[in-house]
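Only one structure is covered here, and it is reproduced in the block below.
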Amino acid sequence: MTIRALFFDIGGVLLSNGWDREQRAVVAAQFGLDATDFNERHKLAVPELELGRMTLDEYLEQTVFCHPQTFTRDEFRAAMEAQSTPHEGALALARDLATRHRLYALNNEGRDLKTTASAPMASATSCWRSSRPPRWNS
């Protein structure tokens, strides 16, 4: 059997989960957001963000900056992006495999956030699926 391609998920495999419940809770607390309000707004906006029909700026406008804030978009976005950290062992394996196989990184995060979070995977090709995975525990 010949391996023609390998597919990796990014969040939770090559990198930590970038903007899941736990990460959102950390950033919401850091900036003093009302967690209930933020989570309700997130639930409404995230499908559009993940499908690429909403930019990260539009998402932030609907979820965070719909109320006056004492911090900037750049500060909030930096805190979001800081939640995504590399899984060095998985990245090393992917880099090694990339010398012998085609690699594709699949992800369901919005294009704006994915571009930053995927930077360590520069040697692989990213594919924007424009579809959402099934959610069992949204």
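Residue numbers start at 1 in each chain; chains themselves are named A, B, ... in the order of the structure tokens; ligands are numbered from 1 in the order shown.
DSSP on the backbone gives alpha helix (DSSP H) for these parts of stretch 65-94 of chain A: Arg73, Asp74, Glu75, Phe76, Arg77, Ala78, Ala79, Met80, Glu81, Ala82, Glu88, Gly89, Ala90, Leu91, Ala92, Leu93 and Ala94 of chain A.
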Include N, CA, C and O atoms and write out the residues we just selected as an mmCIF file, in the first residue's frame.
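Dumped everything to result_26.cif:
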```
data_model
loop_
_atom_site.group_PDB
_atom_site.id
_atom_site.type_symbol
_atom_site.label_atom_id
_atom_site.label_comp_id
_atom_site.auth_asym_id
_atom_site.auth_seq_id
_atom_site.Cartn_x
_atom_site.Cartn_y
_atom_site.Cartn_z
ATOM 1 N N ARG A 73 -9.060 46.001 20.411
ATOM 2 C CA ARG A 73 -9.193 44.759 19.627
ATOM 3 C C ARG A 73 -7.856 44.031 19.544
ATOM 4 O O ARG A 73 -7.810 42.804 19.638
ATOM 5 N N ASP A 74 -6.799 44.795 19.331
ATOM 6 C CA ASP A 74 -5.474 44.180 19.217
ATOM 7 C C ASP A 74 -5.075 43.464 20.500
ATOM 8 O O ASP A 74 -4.489 42.379 20.455
ATOM 9 N N GLU A 75 -5.372 44.065 21.644
ATOM 10 C CA GLU A 75 -5.060 43.416 22.927
ATOM 11 C C GLU A 75 -5.864 42.130 23.088
ATOM 12 O O GLU A 75 -5.325 41.098 23.505
ATOM 13 N N PHE A 76 -7.145 42.186 22.749
ATOM 14 C CA PHE A 76 -7.997 41.007 22.893
ATOM 15 C C PHE A 76 -7.562 39.920 21.915
ATOM 16 O O PHE A 76 -7.447 38.750 22.279
ATOM 17 N N ARG A 77 -7.303 40.318 20.679
ATOM 18 C CA ARG A 77 -6.891 39.330 19.675
ATOM 19 C C ARG A 77 -5.563 38.673 20.064
ATOM 20 O O ARG A 77 -5.384 37.472 19.899
ATOM 21 N N ALA A 78 -4.628 39.454 20.593
ATOM 22 C CA ALA A 78 -3.345 38.888 21.037
ATOM 23 C C ALA A 78 -3.571 37.850 22.131
ATOM 24 O O ALA A 78 -2.916 36.804 22.142
ATOM 25 N N ALA A 79 -4.496 38.138 23.050
ATOM 26 C CA ALA A 79 -4.806 37.172 24.107
ATOM 27 C C ALA A 79 -5.445 35.911 23.523
ATOM 28 O O ALA A 79 -5.147 34.786 23.963
ATOM 29 N N MET A 80 -6.310 36.071 22.522
ATOM 30 C CA MET A 80 -6.901 34.906 21.847
ATOM 31 C C MET A 80 -5.814 34.053 21.214
ATOM 32 O O MET A 80 -5.779 32.831 21.392
ATOM 33 N N GLU A 81 -4.947 34.697 20.453
ATOM 34 C CA GLU A 81 -3.903 33.982 19.730
ATOM 35 C C GLU A 81 -2.915 33.308 20.674
ATOM 36 O O GLU A 81 -2.371 32.245 20.357
ATOM 37 N N ALA A 82 -2.690 33.901 21.847
ATOM 38 C CA ALA A 82 -1.766 33.324 22.816
ATOM 39 C C ALA A 82 -2.281 32.000 23.383
ATOM 40 O O ALA A 82 -1.503 31.215 23.933
ATOM 41 N N GLU A 88 4.857 20.321 20.370
ATOM 42 C CA GLU A 88 6.147 20.164 19.701
ATOM 43 C C GLU A 88 6.375 18.752 19.168
ATOM 44 O O GLU A 88 6.903 18.580 18.060
ATOM 45 N N GLY A 89 5.974 17.737 19.911
ATOM 46 C CA GLY A 89 6.162 16.367 19.448
ATOM 47 C C GLY A 89 5.370 16.070 18.189
ATOM 48 O O GLY A 89 5.884 15.458 17.238
ATOM 49 N N ALA A 90 4.132 16.512 18.152
ATOM 50 C CA ALA A 90 3.291 16.294 16.971
ATOM 51 C C ALA A 90 3.809 17.092 15.785
ATOM 52 O O ALA A 90 3.807 16.604 14.647
ATOM 53 N N LEU A 91 4.278 18.316 16.027
ATOM 54 C CA LEU A 91 4.842 19.117 14.941
ATOM 55 C C LEU A 91 6.120 18.494 14.393
ATOM 56 O O LEU A 91 6.347 18.481 13.180
ATOM 57 N N ALA A 92 6.954 17.966 15.280
ATOM 58 C CA ALA A 92 8.184 17.313 14.823
ATOM 59 C C ALA A 92 7.847 16.097 13.966
ATOM 60 O O ALA A 92 8.473 15.874 12.920
ATOM 61 N N LEU A 93 6.865 15.320 14.394
ATOM 62 C CA LEU A 93 6.434 14.162 13.605
ATOM 63 C C LEU A 93 5.909 14.611 12.242
ATOM 64 O O LEU A 93 6.270 14.040 11.208
ATOM 65 N N ALA A 94 5.097 15.654 12.227
ATOM 66 C CA ALA A 94 4.548 16.160 10.967
ATOM 67 C C ALA A 94 5.663 16.651 10.048
ATOM 68 O O ALA A 94 5.650 16.390 8.839
#
```
Taking only C-alpha atoms into account, produce a table as a tab-separated table in which each residue of stretch 40-88 of chain A with an atom at most 10 Å from an atom of stretch 7-14 of chain A appears once, together with its shortest atom pair and the distance in Å to one decimal, ordered by chain and rising number.
```
residue	atom	partner	partner_atom	distance
A:Ser84	CA	A:Gly11	CA	8.0
A:Thr85	CA	A:Leu14	CA	8.9
A:Pro86	CA	A:Leu14	CA	6.3
A:His87	CA	A:Leu14	CA	5.4
A:Glu88	CA	A:Leu14	CA	7.7
```
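Counting from atom CA of A:Asp57, the distance to atom CA of A:His42 is 13.1 Å.
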_Ranking A:Asn39, A:Thr55, A:Thr2, A:Thr99 by minimum distance to A:Val27 and counting only C-alpha atoms, which one comes first?_
A:Asn39
*Among the residues of stretch 38-124 of chain A, find those DSSP assigns to strand (DSSP E or B) from the backbone and print them as a ChimeraX atom specification.*
/A:86,102-107
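Remark: for A:Ala28, the closest of the candidate residues A:Ala45, A:Leu56, A:Val64, A:Ile3 is A:Val64 (distances computed over only C-alpha atoms).
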*Which one is closest to A:His67: A:Arg41, A:Arg24, A:Arg53, A:His101? Count only C-alpha atoms.*
A:Arg41
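Of the residues listed (A:Leu44, A:Gln69, A:Gln83, A:Glu50), A:Gln83 shows the shortest atom-to-atom separation from A:Glu22; distances use only C-alpha atoms.
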_Interatomic distance (Å, one decimal) between atom CA of A:Glu40 and atom CA of A:Arg21_ = 12.1 Å
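For the set A:Ala25, A:Val46, A:Leu33, A:Leu6, the residue with the smallest atom-to-atom gap to A:Phe71 is A:Leu33, counting only C-alpha atoms.
Atom CA of A:Phe38 to atom CA of A:Leu15 spans 24.2 Å [interatomic distance, one decimal].
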